[in-house]
Amino acid sequence: MKFSARAGSAVHEVVVERDNGHYVVEIDGVRRVVDAQKLEADFYTILDLGDSRSYEVSVEPRGDGYIVRHGAAECEVVVSDPSRRAREAGPVGTGPLTVSASMPGKVVRVLVVAGGTVQAGQGLIVVEAMKMENEIAAPRAGRVKHVAVAAGQTVESGVALVEIE
Amino acid sequence: MKFSARAGSAVHEVVVERDNGHYVVEIDGVRRVVDAQKLEADFYTILDLGDSRSYEVSVEPRGDGYIVRHGAAECEVVVSDPSRRAREAGPVGTGPLTVSASMPGKVVRVLVVAGGTVQAGQGLIVVEAMKMENEIAAPRAGRVKHVAVAAGQTVESGVALVEIE
Amino acid sequence: MKLPFTKVLVANRGEIAVRVIRACHEMGIPTVAVYSDADRRALHVRFAHEAVHIGPSESQHSYLDIERILDAAKHTGAQAIHPGYGFLSENPRFARACADAGIVFIGPPPAAMEALGDKVRARALMQKAGVPVVPGTGALPENDTDTAALALAIGYPVLIKAAAGGGGKGMRVVQRAEELPSLLAQARGEARSSFGDATVFLEKFVERPRHIEVQIIADTRGHTIQLGERECSIQRRHQKLIEESPSPIVDPTTRARIGALAVRAASAAGYVNAGTVEFLRGADGSFYFMEVNARLQVEHPVTEEVTGIDLVKEMIRVAAGESLSLPQDRLELRGHALECRIVAEDPRRNFMPSPGTIRGQRVPNGPGIRYDGGTYAGWTIPIHYDPMIAKVITHGRDRADAIARMARALDELRIDGIPTSVSFHRKVMRHPAFIAGDLHTGFLAEHPDLLKADDDPLLDEIAVTAAAIAHYRRLESTAPTPARDGRGVSSWRHAGRIGWRR
Amino acid sequence: MKLPFTKVLVANRGEIAVRVIRACHEMGIPTVAVYSDADRRALHVRFAHEAVHIGPSESQHSYLDIERILDAAKHTGAQAIHPGYGFLSENPRFARACADAGIVFIGPPPAAMEALGDKVRARALMQKAGVPVVPGTGALPENDTDTAALALAIGYPVLIKAAAGGGGKGMRVVQRAEELPSLLAQARGEARSSFGDATVFLEKFVERPRHIEVQIIADTRGHTIQLGERECSIQRRHQKLIEESPSPIVDPTTRARIGALAVRAASAAGYVNAGTVEFLRGADGSFYFMEVNARLQVEHPVTEEVTGIDLVKEMIRVAAGESLSLPQDRLELRGHALECRIVAEDPRRNFMPSPGTIRGQRVPNGPGIRYDGGTYAGWTIPIHYDPMIAKVITHGRDRADAIARMARALDELRIDGIPTSVSFHRKVMRHPAFIAGDLHTGFLAEHPDLLKADDDPLLDEIAVTAAAIAHYRRLESTAPTPARDGRGVSSWRHAGRIGWRR
């Protein structure tokens with residue numbers, strides 16, 4: 001299985017295969033045989049059978065990639081495989097834009113009404129969580145097509161708040 | 001649902017019903033409404049809605065009943081319901097007797113051979129675990145019909161070792 | 001052994017409620033927890049002997065509702081209430097309501113809370129008691145010549161502040177006398193446009209200030225002792241993130257001096273029970289009274305580690321009328337303790353709150369580690385309350401040892417499912433300026449790199465390897481493979497997030 | 001800062017391997033774990049920076065295989081090996097093999113290990129050094145009159161022991177001179193029939209002995225210090241189950257005296273690094289040398305808690321040739337520490353080993369609690385090794401406080417899936433004789449109720465309620481109910497143990 005993985009600013013070409021209960025992972029042509037065992041959901045113990053390195057990692061899917069944590073250090077790895085690249089090549093940025101909640105919380109104020117126009121950066125909705133208010137702004141100018149929430153409502157992260165067209 | 005529960009030497013008559021998300025538990029005629037929520041497998045937080053008592057319990061099935069732990073204290077509760085009582089009323093103690101491993105471990109010595117006779121209390125198999133040897137004895141006299149394990153073999157708790165007839 | 005109280009209700013939630021419950025249980029005192037809708041499964045509810053529901057998730061209708069909490073205490077027969085920190089802990093009205101209901105409030109008397117809660121009254125009280133406060137003026141006269149004389153009397157640099165102010169509006173730092181007139185004009189203009197009031201006043205500008213506070217405790221029999229200082233200079237948006245005891249800058253002579261000041265401050269206010277006297281220490285070594293926190297502090301564990309005193313148990317005994325368990329001269333400090341406050345905030349998104357469900361958790365253990373937390377694997381952190389979810393506390397022979405233990409503990413700590421501040425704390429532990437003890441409240445502003453969520457380059461190869469394997473497994477599990485049991489791919493395997501089931 | 005070693009291999013497993021790895025990581029030293037087939041997923045493998053497979057599960061072919069371990073050290077470039085306790089820790093051949101391979105053995109020199117490992121040589125060495133040993137004779141003469149004189153010289157009560165003996169055969173306690181002839185005859189007869197050898201000898205009978213041991217550590221520069229005593233009198237089948245420091249019976253004068261004896265014993269053997277000198281204390285207050293444990297002890301944490309010294313770090317520094325980090329006169333003891341050894345043994349089945357899979361685990365936290373463990377939820381405890389899986393250590397201001405914290409910690413600790421000794425330890429913590437500090441090595445024989453797994457009557461109603469609900473849920477989930485989604489009861493719900501899936 002082949003894909004590319006971006007960590008920080010570097011993009012690596014990765015090939016992964018299973019072999020005899022182990023994984024053969026080739027990163028930019030450097031091949032390693034590792035014993036990876038899953039201990040919990042998203043949590044592995046990995047042994048590099050070449051240089052004996054042992055490490056625990058949690059690999060949490062987030063967005064297009066994974067947040068990998070090893071000890072207290074963390075790193076985001078974005079993975080692109082052929083099928084994803086194909087999907088990503090499809091049309092984007094057309095049609096109405098949905099603005100979503102970036103954290104779970106309670107809607108404390110709705111600053112716009114359907115039909116109104118907004119400027120890029122203009123506040124749309126204020127969500128509060130953990131005693132902190134967070135104003136969600138319009139990413140671009142447009143007309144408010146629909147406001148999906150009302151003050152007092154609790155929202156999860158990722159829930160659609162406002163549609164702009 | 002009705003059944004009897006033995007804790008220590010006392011046997012209690014128990015009736016359990018669900019009501020509105022809570023459990024109504026009647027023990028020997030004393031009725032309590034409790035909110036029991038499962039946190040993990042076999043682990044609950046229970047709130048007695050009458051007297052406000054809060055307790056965590058782990059309830060592990062073992063044999064015919066449950067080992068209940070609350071803090072470091074523990075108690076075995078054996079539950080009999082009508083269907084189980086019916087099963088228990090069936091014929092017991094007839095036919096050949098199977099002697100099983102009482103702990104997981106490694107068979108270090110087999111002290112009998114098929115066809116030999118044994119006295120009650122006579123050692124049959126020695127199993128070792130955690131540097132401790134445990135001799136498994138014949139619960140009654142008889143003839144060894146079958147020895148199911150050999151020295152060097154690893155056994156789980158409950159596995160049949162010897163059949164006596 | 002007679003119990004100080006036959007039952008104690010803890011009017012709080014989260015890690016501090018658990019902390020107080022632990023102290024009560026060690027003393028043999030039965031406990032009552034209170035909980036809102038969001039907290040039925042919270043750890044403090046599970047640990048207490050009894051638990052009473054007090055309302056909806058919003059704290060104003062539960063943890064801040066004096067009536068509901070007193071009803072719970074009466075209903076369960078609690079003799080005393082420990083308020084923890086935050087919520088009702090510094091509310092004199094609550095303390096009075098407890099007294100009126102015949103319930104002991106485990107904290108200072110309401111009169112002391114009132115005297116110290118009002119910053120202007122507190123400042124006057126301290127000045128009268130001979131405790132140094134940041135020198136300053138009242139509202140400035142119109143005449144700038146008079147103002148110049150006042151500034152000179154305070155000594156440069158001075159700070160111009162708007163009387164109606166806040167948020168830095170109308171605030172100017174004046175380094176030299178020549179700058180005063182123009183900066184005064186600027187400040188007045190900004191104050192007028194921001195607050196509609198041009199009134200300004202002067203205060204001594206404390207340069208590179210360190211936040212150093214002294215823990216005190218007093219009994220009802222006239223004894224007040226100090227338990228050494230804590231330094232809490234690592235702050236973000238005025239929120240303390242890392243605390244320690246002792247302060248790397250405080251020597252025994254200074255400790256005795258500021259300890260005596262703290263005891264004097266507490267005595268001046270008629271203070272009883274545990275409290276903290278906060279000072280600002282300037283780069284020139286001067287200490288100025290800031291305020292008294294009339295409650296148990298979040299960071300009390302570092303004091304417990306170096307003194308060997310359990311502050312919560314001491315608070316309970318003092319509230320029951322007992323004497324302090326040790327006189328001042330028997331206090332001994334050992335080693336060095338550090339605390340990191342783990343918050344549910346995302347360092348990758350400018351520390352935005354990150355409430356959610358903790359999927360997996362591993363707490364650090366072993367020598368010199370203390371963990372005071374309120375969460376567990378499976379717990380959903382509510383959106384309604386403070387983002388602090390746990391405190392990692394380490395104790396070592398010296399500061400370097402405590403830092404090394406903290407780094408090790410943070411590497412062991414695992415909180416999966418939500419972003420937290422752990423990676424930030426880990427970076428601070430290896431930062432040269434932190435290791436050197438070169439602290440001040442502007443530390444994070446001076447080292448903004450610490451607040452950025454850079455990917456850790458050390459991790460690069462490990463991370464790519466791990467992500468590659470996880471990705472391989474995910475794709476493998478979603479690929480339509482012939483099922484081994486011949487029944488085809490059963491439909492339940494496709495329910496939920498495939499390949500990432502727990 | 002220069003590291004004592006550039007890399008350390010830990011030749012052990014379980015909690016002690018984790019303990020040593022933690023110390024190395026705090027010192028910044030990279031670590032290498034070794035593991036057998038059974039231990040690929042063990043915690044020590046996960047915590048170390050590198051891990052090397054050294055053979056099958058049976059320890060004689062892995063953790064006891066000197067060649068494999070040295071190969072692992074050479075392969076990874078480890079400069080030093082920490083042996084933990086057990087396995088190869090007291091094997092002079094291993095220590096010599098390390099030296100021959102140019103690898104530092106973190107422990108005493110082989111010659112000291114040999115001198116102390118042989119009980120007869122050690123006894124002679126101690127007598128010569130003026131360290132009191134249990135008074136006794138060589139093989140007794142045939143003439144009973146001479147024996148009577150020897151017995152009188154030792155002082156009654158005396159113990160007759162078979163020279164070839166063991167397991168109590170041929171052993172008799174003689175309280176008074178009149179009893180000597182007949183008991184001597186009995187003992188000789190039993191010795192002859194048991195061992196084919198009637199030779200017996202006399203030893204002073206130590207009544208209600210307490211097991212009290214002194215921790216020492218020595219560097220290569222001629223400094224040896226003692227770090228106070230531990231009492232380990234709560235034993236079952238000669239296995240320590242609970243330890244504490246200080247001993248409730250040892251006052252400062254006695255501490256200084258036995259501490260000096262321990263230092264003398266260590267010096268007599270040319271001892272370097274950490275070791276423990278074990279004494280038997282009789283009811284009359286006399287102390288007798290028993291043996292030296294030439295390694296880190298299981299119970300070292302109680303000493304660490306009261307002294308504030310990290311013994312493992314100190315061992316590593318001393319092994320690298322550094323001086324001890326403190327002189328004797330800077331040693332200060334604070335408070336009281338207790339340790340409970342949690343073993344995978346079933347108190348309901350006469351403490352039969354109970355290896356198996358830990359389904360759920362919760363470790364105690366909060367003030368004064370230390371947990372040194374080697375397990376986690378999901379870990380399968382192998383059948384091949386020691387049943388000790390963790391140690392709960394508490395530290396309090398005094399013994400009562402440490403006991404209260406231990407009781408609280410044991411209530412928080414949860415190890416689900418296998419029976420453990422936790423309920424036994426909890427009972428000891430509330431036993432009046434234990435609380436009174438009335439300890440001796442026959443404590444559990446004197447209080448056999450503590451070893452019985454009585455159901456806890458306090459728990460009765462809670463237990464029945466909980467079991468009833470669990471049973472209801474189980475029956476409910478097995479009852480054939482119409483499925484809500486109209487698809488019928490899907491077959492996968494019946495795979496595995498229904499209603500008890502994780």
# chains A, B, ... in the order shown; residues from 1 in each chain; ligands from 1
>>> residues_around(residues="range 119-131 of chain B", least_positions_apart="6", cutoff="10 Å", atoms="only C-alpha atoms", output="ChimeraX atom specification")
/B:99-113,137-144,147,149-155,161-162 /D:344-345,352-355,381-388
>>> write_last_selection(atoms="N, CA and C atoms", output="compact mmCIF listing (two decimals), in the first residue's frame")
# COMPACT_ATOMS: atom_id res chain seq x y z
N VAL B 99 -11.70 -34.05 36.87
CA VAL B 99 -10.93 -33.17 37.76
C VAL B 99 -10.28 -32.10 36.90
N SER B 100 -10.51 -30.84 37.28
CA SER B 100 -10.03 -29.73 36.45
C SER B 100 -8.95 -28.92 37.16
N ALA B 101 -8.24 -28.13 36.37
CA ALA B 101 -7.20 -27.26 36.92
C ALA B 101 -7.85 -26.14 37.72
N SER B 102 -7.36 -25.91 38.92
CA SER B 102 -7.95 -24.85 39.76
C SER B 102 -7.24 -23.53 39.56
N MET B 103 -6.12 -23.54 38.84
CA MET B 103 -5.46 -22.28 38.49
C MET B 103 -4.76 -22.48 37.16
N PRO B 104 -4.52 -21.41 36.41
CA PRO B 104 -3.75 -21.57 35.19
C PRO B 104 -2.30 -21.87 35.56
N GLY B 105 -1.60 -22.59 34.74
CA GLY B 105 -0.20 -22.90 35.06
C GLY B 105 0.35 -23.94 34.12
N LYS B 106 1.47 -24.49 34.54
CA LYS B 106 2.16 -25.47 33.72
C LYS B 106 2.14 -26.80 34.46
N VAL B 107 1.81 -27.88 33.77
CA VAL B 107 1.82 -29.22 34.38
C VAL B 107 3.28 -29.61 34.57
N VAL B 108 3.69 -29.82 35.83
CA VAL B 108 5.09 -30.21 36.06
C VAL B 108 5.24 -31.71 36.28
N ARG B 109 4.21 -32.34 36.83
CA ARG B 109 4.28 -33.80 37.03
C ARG B 109 2.89 -34.39 36.90
N VAL B 110 2.83 -35.58 36.27
CA VAL B 110 1.59 -36.34 36.23
C VAL B 110 1.83 -37.56 37.14
N LEU B 111 1.00 -37.70 38.17
CA LEU B 111 1.29 -38.71 39.21
C LEU B 111 0.53 -40.01 39.02
N VAL B 112 -0.36 -40.07 38.03
CA VAL B 112 -1.16 -41.28 37.82
C VAL B 112 -1.15 -41.66 36.34
N VAL B 113 -1.55 -42.91 36.08
CA VAL B 113 -1.69 -43.34 34.68
C VAL B 113 -3.10 -43.87 34.46
N ALA B 137 -5.63 -33.05 43.84
CA ALA B 137 -5.89 -34.37 44.43
C ALA B 137 -7.23 -34.94 43.94
N ALA B 138 -7.37 -36.25 44.05
CA ALA B 138 -8.62 -36.90 43.67
C ALA B 138 -9.68 -36.59 44.71
N PRO B 139 -10.84 -36.08 44.30
CA PRO B 139 -11.89 -35.76 45.27
C PRO B 139 -12.56 -37.03 45.83
N ARG B 140 -12.41 -38.15 45.13
CA ARG B 140 -12.99 -39.41 45.63
C ARG B 140 -12.18 -40.57 45.02
N ALA B 141 -12.34 -41.71 45.60
CA ALA B 141 -11.62 -42.89 45.12
C ALA B 141 -12.21 -43.35 43.78
N GLY B 142 -11.43 -44.09 42.98
CA GLY B 142 -11.95 -44.58 41.71
C GLY B 142 -10.83 -45.06 40.81
N ARG B 143 -11.20 -45.30 39.57
CA ARG B 143 -10.21 -45.74 38.59
C ARG B 143 -9.97 -44.58 37.62
N VAL B 144 -8.71 -44.36 37.26
CA VAL B 144 -8.39 -43.28 36.33
C VAL B 144 -8.77 -43.73 34.93
N VAL B 147 -6.14 -39.56 31.34
CA VAL B 147 -5.32 -38.42 31.74
C VAL B 147 -5.20 -37.51 30.52
N VAL B 149 -3.69 -34.51 30.15
CA VAL B 149 -2.55 -33.60 29.98
C VAL B 149 -1.24 -34.35 30.19
N ALA B 150 -0.16 -33.72 29.75
CA ALA B 150 1.17 -34.29 29.94
C ALA B 150 2.07 -33.25 30.59
N ALA B 151 3.12 -33.71 31.21
CA ALA B 151 4.07 -32.79 31.85
C ALA B 151 4.62 -31.82 30.81
N GLY B 152 4.76 -30.55 31.21
CA GLY B 152 5.29 -29.54 30.29
C GLY B 152 4.21 -28.73 29.61
N GLN B 153 2.98 -29.25 29.69
CA GLN B 153 1.87 -28.59 29.01
C GLN B 153 1.35 -27.42 29.85
N THR B 154 0.91 -26.37 29.19
CA THR B 154 0.33 -25.23 29.89
C THR B 154 -1.18 -25.37 29.89
N VAL B 155 -1.80 -25.14 31.04
CA VAL B 155 -3.26 -25.30 31.13
C VAL B 155 -3.90 -24.02 31.65
N LEU B 161 -8.28 -32.22 33.56
CA LEU B 161 -6.96 -32.83 33.69
C LEU B 161 -7.05 -34.35 33.68
N VAL B 162 -7.95 -34.87 34.53
CA VAL B 162 -8.04 -36.32 34.73
C VAL B 162 -9.51 -36.70 34.85
N ALA D 344 -0.96 -11.30 42.93
CA ALA D 344 -2.01 -12.01 42.19
C ALA D 344 -2.18 -13.37 42.85
N GLU D 345 -2.84 -13.35 44.01
CA GLU D 345 -3.14 -14.58 44.74
C GLU D 345 -4.55 -14.43 45.27
N MET D 352 -3.88 -19.02 46.56
CA MET D 352 -3.40 -19.73 45.37
C MET D 352 -3.09 -18.70 44.28
N PRO D 353 -2.03 -18.92 43.51
CA PRO D 353 -1.71 -17.96 42.43
C PRO D 353 -2.90 -17.73 41.52
N SER D 354 -3.08 -16.51 41.07
CA SER D 354 -4.23 -16.18 40.23
C SER D 354 -3.80 -15.36 39.02
N PRO D 355 -2.86 -15.90 38.23
CA PRO D 355 -2.48 -15.17 37.02
C PRO D 355 -3.68 -15.08 36.08
N ILE D 381 -1.23 -11.26 33.07
CA ILE D 381 -0.14 -11.59 33.99
C ILE D 381 0.33 -13.01 33.69
N PRO D 382 1.60 -13.18 33.32
CA PRO D 382 2.07 -14.52 32.93
C PRO D 382 2.12 -15.47 34.14
N ILE D 383 2.07 -16.75 33.84
CA ILE D 383 2.13 -17.76 34.90
C ILE D 383 3.57 -18.02 35.34
N HIS D 384 4.53 -17.43 34.64
CA HIS D 384 5.92 -17.84 34.81
C HIS D 384 6.68 -17.11 35.89
N TYR D 385 6.15 -16.01 36.38
CA TYR D 385 6.97 -15.17 37.25
C TYR D 385 6.29 -14.93 38.60
N ASP D 386 6.96 -14.11 39.40
CA ASP D 386 6.49 -13.80 40.74
C ASP D 386 5.06 -13.23 40.73
N PRO D 387 4.27 -13.59 41.76
CA PRO D 387 2.89 -13.07 41.78
C PRO D 387 2.76 -11.60 42.17
N MET D 388 3.85 -10.94 42.59
CA MET D 388 3.72 -9.54 42.99
C MET D 388 3.53 -8.67 41.76
>>> select_by_dssp(residues="range 169-375 of chain D", states="strand (DSSP E)", output="NGL selection string")
:D and (172-174 or 200-204 or 210-218 or 224-236 or 239-245 or 273-281 or 287-293 or 336-343 or 345-346 or 352-353 or 360-362 or 369-373)
>>> interface_residues(of="chain D", to="chain C", cutoff="7 Å", atoms="only C-alpha atoms", output="list in words")
Arg19, His25, Glu26, Gly308, Asn365, Gly366, Pro367, Arg370, Tyr371, Asp372, Arg397, Ala404, Arg405 and Arg408 of chain D
>>> write_last_selection(atoms="N, CA, C and O atoms", output="compact mmCIF listing (two decimals), in the first residue's frame")
# COMPACT_ATOMS: atom_id res chain seq x y z
N ARG D 19 10.39 0.74 37.57
CA ARG D 19 10.97 1.66 38.57
C ARG D 19 12.35 2.15 38.16
O ARG D 19 12.66 3.34 38.25
N HIS D 25 15.29 7.63 33.18
CA HIS D 25 14.73 8.69 32.34
C HIS D 25 14.78 10.03 33.04
O HIS D 25 15.03 11.06 32.42
N GLU D 26 14.55 10.04 34.34
CA GLU D 26 14.65 11.30 35.08
C GLU D 26 16.09 11.83 35.06
O GLU D 26 16.32 13.04 35.13
N GLY D 308 13.60 11.07 51.51
CA GLY D 308 13.64 11.98 50.36
C GLY D 308 14.74 11.65 49.37
O GLY D 308 14.99 12.41 48.44
N ASN D 365 -4.63 7.68 43.54
CA ASN D 365 -3.89 8.94 43.34
C ASN D 365 -4.10 9.88 44.50
O ASN D 365 -4.78 9.54 45.45
N GLY D 366 -3.59 11.08 44.35
CA GLY D 366 -3.80 12.12 45.34
C GLY D 366 -2.66 12.19 46.34
O GLY D 366 -1.65 11.50 46.20
N PRO D 367 -2.83 13.01 47.39
CA PRO D 367 -1.72 13.29 48.30
C PRO D 367 -1.20 12.06 49.03
O PRO D 367 -1.98 11.24 49.52
N ARG D 370 1.94 6.73 46.49
CA ARG D 370 2.86 6.35 45.41
C ARG D 370 2.47 4.96 44.96
O ARG D 370 2.16 4.09 45.79
N TYR D 371 2.48 4.73 43.66
CA TYR D 371 2.09 3.43 43.13
C TYR D 371 3.20 2.98 42.20
O TYR D 371 3.48 3.63 41.20
N ASP D 372 3.85 1.90 42.53
CA ASP D 372 4.87 1.31 41.66
C ASP D 372 4.30 0.01 41.13
O ASP D 372 4.20 -0.98 41.86
N ARG D 397 2.14 12.10 57.88
CA ARG D 397 2.89 12.83 58.92
C ARG D 397 3.33 11.91 60.04
O ARG D 397 4.33 12.12 60.69
N ALA D 404 -4.07 5.58 57.46
CA ALA D 404 -5.33 6.13 56.95
C ALA D 404 -5.24 6.33 55.44
O ALA D 404 -6.19 6.05 54.70
N ARG D 405 -4.09 6.81 54.99
CA ARG D 405 -3.92 7.00 53.55
C ARG D 405 -3.90 5.67 52.82
O ARG D 405 -4.42 5.56 51.71
N ARG D 408 -7.39 4.40 52.42
CA ARG D 408 -8.06 5.18 51.37
C ARG D 408 -7.56 4.75 49.98
O ARG D 408 -8.33 4.55 49.05
>>> calpha_fit_rmsd(fixed="chain C", moving="chain D")
0.1 Å
>>> atom_distance(atom1="CA of Ile242 in chain D", atom2="CA of Arg341 in chain D")
6.3 Å
>>> interface_residues(of="chain A", to="chain C", cutoff="9 Å", atoms="only C-alpha atoms", output="PyMOL selection string")
chain A and resi 1+3+5-8+12+14-17+23+25-27+36+40-44+46+55+57-61+65-79+102-106+128-132+134
>>> residues_around(residues="Thr276 in chain C", least_positions_apart="3", cutoff="6 Å", atoms="only C-alpha atoms", output="list in words")
Val214, Gln215, Ile216, Val292 and Asn293 of chain C
>>> write_last_selection(atoms="N, CA and C atoms", output="PDB file, in the first residue's frame")
ATOM      1  N   VAL C 214       2.289  33.656  49.599  1.00  0.00           N
ATOM      2  CA  VAL C 214       2.607  32.960  50.840  1.00  0.00           C
ATOM      3  C   VAL C 214       1.351  32.255  51.362  1.00  0.00           C
ATOM      4  N   GLN C 215       1.478  30.972  51.654  1.00  0.00           N
ATOM      5  CA  GLN C 215       0.366  30.219  52.237  1.00  0.00           C
ATOM      6  C   GLN C 215       0.343  30.482  53.736  1.00  0.00           C
ATOM      7  N   ILE C 216      -0.822  30.857  54.240  1.00  0.00           N
ATOM      8  CA  ILE C 216      -0.947  31.002  55.698  1.00  0.00           C
ATOM      9  C   ILE C 216      -2.114  30.127  56.171  1.00  0.00           C
ATOM     10  N   VAL C 292      -5.420  39.014  48.933  1.00  0.00           N
ATOM     11  CA  VAL C 292      -5.512  37.772  49.687  1.00  0.00           C
ATOM     12  C   VAL C 292      -6.554  36.893  49.016  1.00  0.00           C
ATOM     13  N   ASN C 293      -6.192  35.653  48.720  1.00  0.00           N
ATOM     14  CA  ASN C 293      -7.188  34.698  48.241  1.00  0.00           C
ATOM     15  C   ASN C 293      -7.710  33.946  49.457  1.00  0.00           C
TER      16      ASN C 293
END
>>> atom_distance(atom1="CA of His336 in chain D", atom2="CA of Asp398 in chain D")
5.0 Å
>>> select_by_dssp(residues="range 143-282 of chain C", states="helix (DSSP H, G or I)", output="number ranges by chain")
C: 144-154, 177-195, 252-268
>>> write_last_selection(atoms="C-alpha atoms", output="PDB file, in the first residue's frame")
ATOM      1  CA  ASP C 144       0.736  68.288  35.221  1.00  0.00           C
ATOM      2  CA  THR C 145       3.387  69.905  37.414  1.00  0.00           C
ATOM      3  CA  ASP C 146       1.736  68.423  40.489  1.00  0.00           C
ATOM      4  CA  THR C 147       1.527  65.088  38.700  1.00  0.00           C
ATOM      5  CA  ALA C 148       5.249  65.223  37.885  1.00  0.00           C
ATOM      6  CA  ALA C 149       5.991  65.690  41.582  1.00  0.00           C
ATOM      7  CA  LEU C 150       3.787  62.711  42.455  1.00  0.00           C
ATOM      8  CA  ALA C 151       5.537  60.568  39.831  1.00  0.00           C
ATOM      9  CA  LEU C 152       8.914  61.561  41.158  1.00  0.00           C
ATOM     10  CA  ALA C 153       7.825  60.662  44.669  1.00  0.00           C
ATOM     11  CA  ILE C 154       6.769  57.177  43.493  1.00  0.00           C
ATOM     12  CA  ALA C 177      10.066  62.327  33.568  1.00  0.00           C
ATOM     13  CA  GLU C 178      10.383  63.865  30.081  1.00  0.00           C
ATOM     14  CA  GLU C 179       7.851  61.422  28.696  1.00  0.00           C
ATOM     15  CA  LEU C 180       5.217  62.155  31.323  1.00  0.00           C
ATOM     16  CA  PRO C 181       3.268  65.076  29.774  1.00  0.00           C
ATOM     17  CA  SER C 182       2.716  63.512  26.347  1.00  0.00           C
ATOM     18  CA  LEU C 183       1.917  60.024  27.670  1.00  0.00           C
ATOM     19  CA  LEU C 184      -0.457  61.573  30.215  1.00  0.00           C
ATOM     20  CA  ALA C 185      -2.306  63.286  27.370  1.00  0.00           C
ATOM     21  CA  GLN C 186      -2.446  60.066  25.347  1.00  0.00           C
ATOM     22  CA  ALA C 187      -3.731  58.070  28.299  1.00  0.00           C
ATOM     23  CA  ARG C 188      -6.394  60.658  29.127  1.00  0.00           C
ATOM     24  CA  GLY C 189      -7.554  60.739  25.519  1.00  0.00           C
ATOM     25  CA  GLU C 190      -7.775  56.977  25.304  1.00  0.00           C
ATOM     26  CA  ALA C 191      -9.528  56.761  28.659  1.00  0.00           C
ATOM     27  CA  ARG C 192     -12.089  59.353  27.557  1.00  0.00           C
ATOM     28  CA  SER C 193     -12.779  57.630  24.230  1.00  0.00           C
ATOM     29  CA  SER C 194     -12.900  54.161  25.789  1.00  0.00           C
ATOM     30  CA  PHE C 195     -14.769  54.819  29.026  1.00  0.00           C
ATOM     31  CA  PRO C 252      15.595  31.969  53.817  1.00  0.00           C
ATOM     32  CA  THR C 253      15.904  35.592  54.966  1.00  0.00           C
ATOM     33  CA  THR C 254      13.427  36.801  52.360  1.00  0.00           C
ATOM     34  CA  ARG C 255      11.164  33.872  53.184  1.00  0.00           C
ATOM     35  CA  ALA C 256      11.072  34.878  56.830  1.00  0.00           C
ATOM     36  CA  ARG C 257      10.413  38.498  55.886  1.00  0.00           C
ATOM     37  CA  ILE C 258       7.544  37.914  53.441  1.00  0.00           C
ATOM     38  CA  GLY C 259       6.177  35.152  55.687  1.00  0.00           C
ATOM     39  CA  ALA C 260       5.961  37.652  58.527  1.00  0.00           C
ATOM     40  CA  LEU C 261       4.276  40.166  56.203  1.00  0.00           C
ATOM     41  CA  ALA C 262       1.724  37.537  55.200  1.00  0.00           C
ATOM     42  CA  VAL C 263       0.965  36.671  58.808  1.00  0.00           C
ATOM     43  CA  ARG C 264       0.578  40.385  59.567  1.00  0.00           C
ATOM     44  CA  ALA C 265      -1.772  40.787  56.593  1.00  0.00           C
ATOM     45  CA  ALA C 266      -3.909  37.865  57.732  1.00  0.00           C
ATOM     46  CA  SER C 267      -4.026  39.046  61.316  1.00  0.00           C
ATOM     47  CA  ALA C 268      -5.010  42.556  60.233  1.00  0.00           C
TER      48      ALA C 268
END
>>> closest_atom_pairs(of="range 218-295 of chain C", to="range 442-447 of chain C", cutoff="9 Å", atoms="only C-alpha atoms", output="JSON lines")
{"residue": "C:Ser233", "atom": "CA", "partner": "C:Phe443", "partner_atom": "CA", "distance": 7.4}
{"residue": "C:Ile234", "atom": "CA", "partner": "C:Phe443", "partner_atom": "CA", "distance": 6.3}
{"residue": "C:Gln235", "atom": "CA", "partner": "C:Leu444", "partner_atom": "CA", "distance": 7.0}
{"residue": "C:Arg236", "atom": "CA", "partner": "C:Leu444", "partner_atom": "CA", "distance": 6.8}
>>> atom_distance(atom1="CA of Lys119 in chain D", atom2="CA of Gly170 in chain D")
20.3 Å
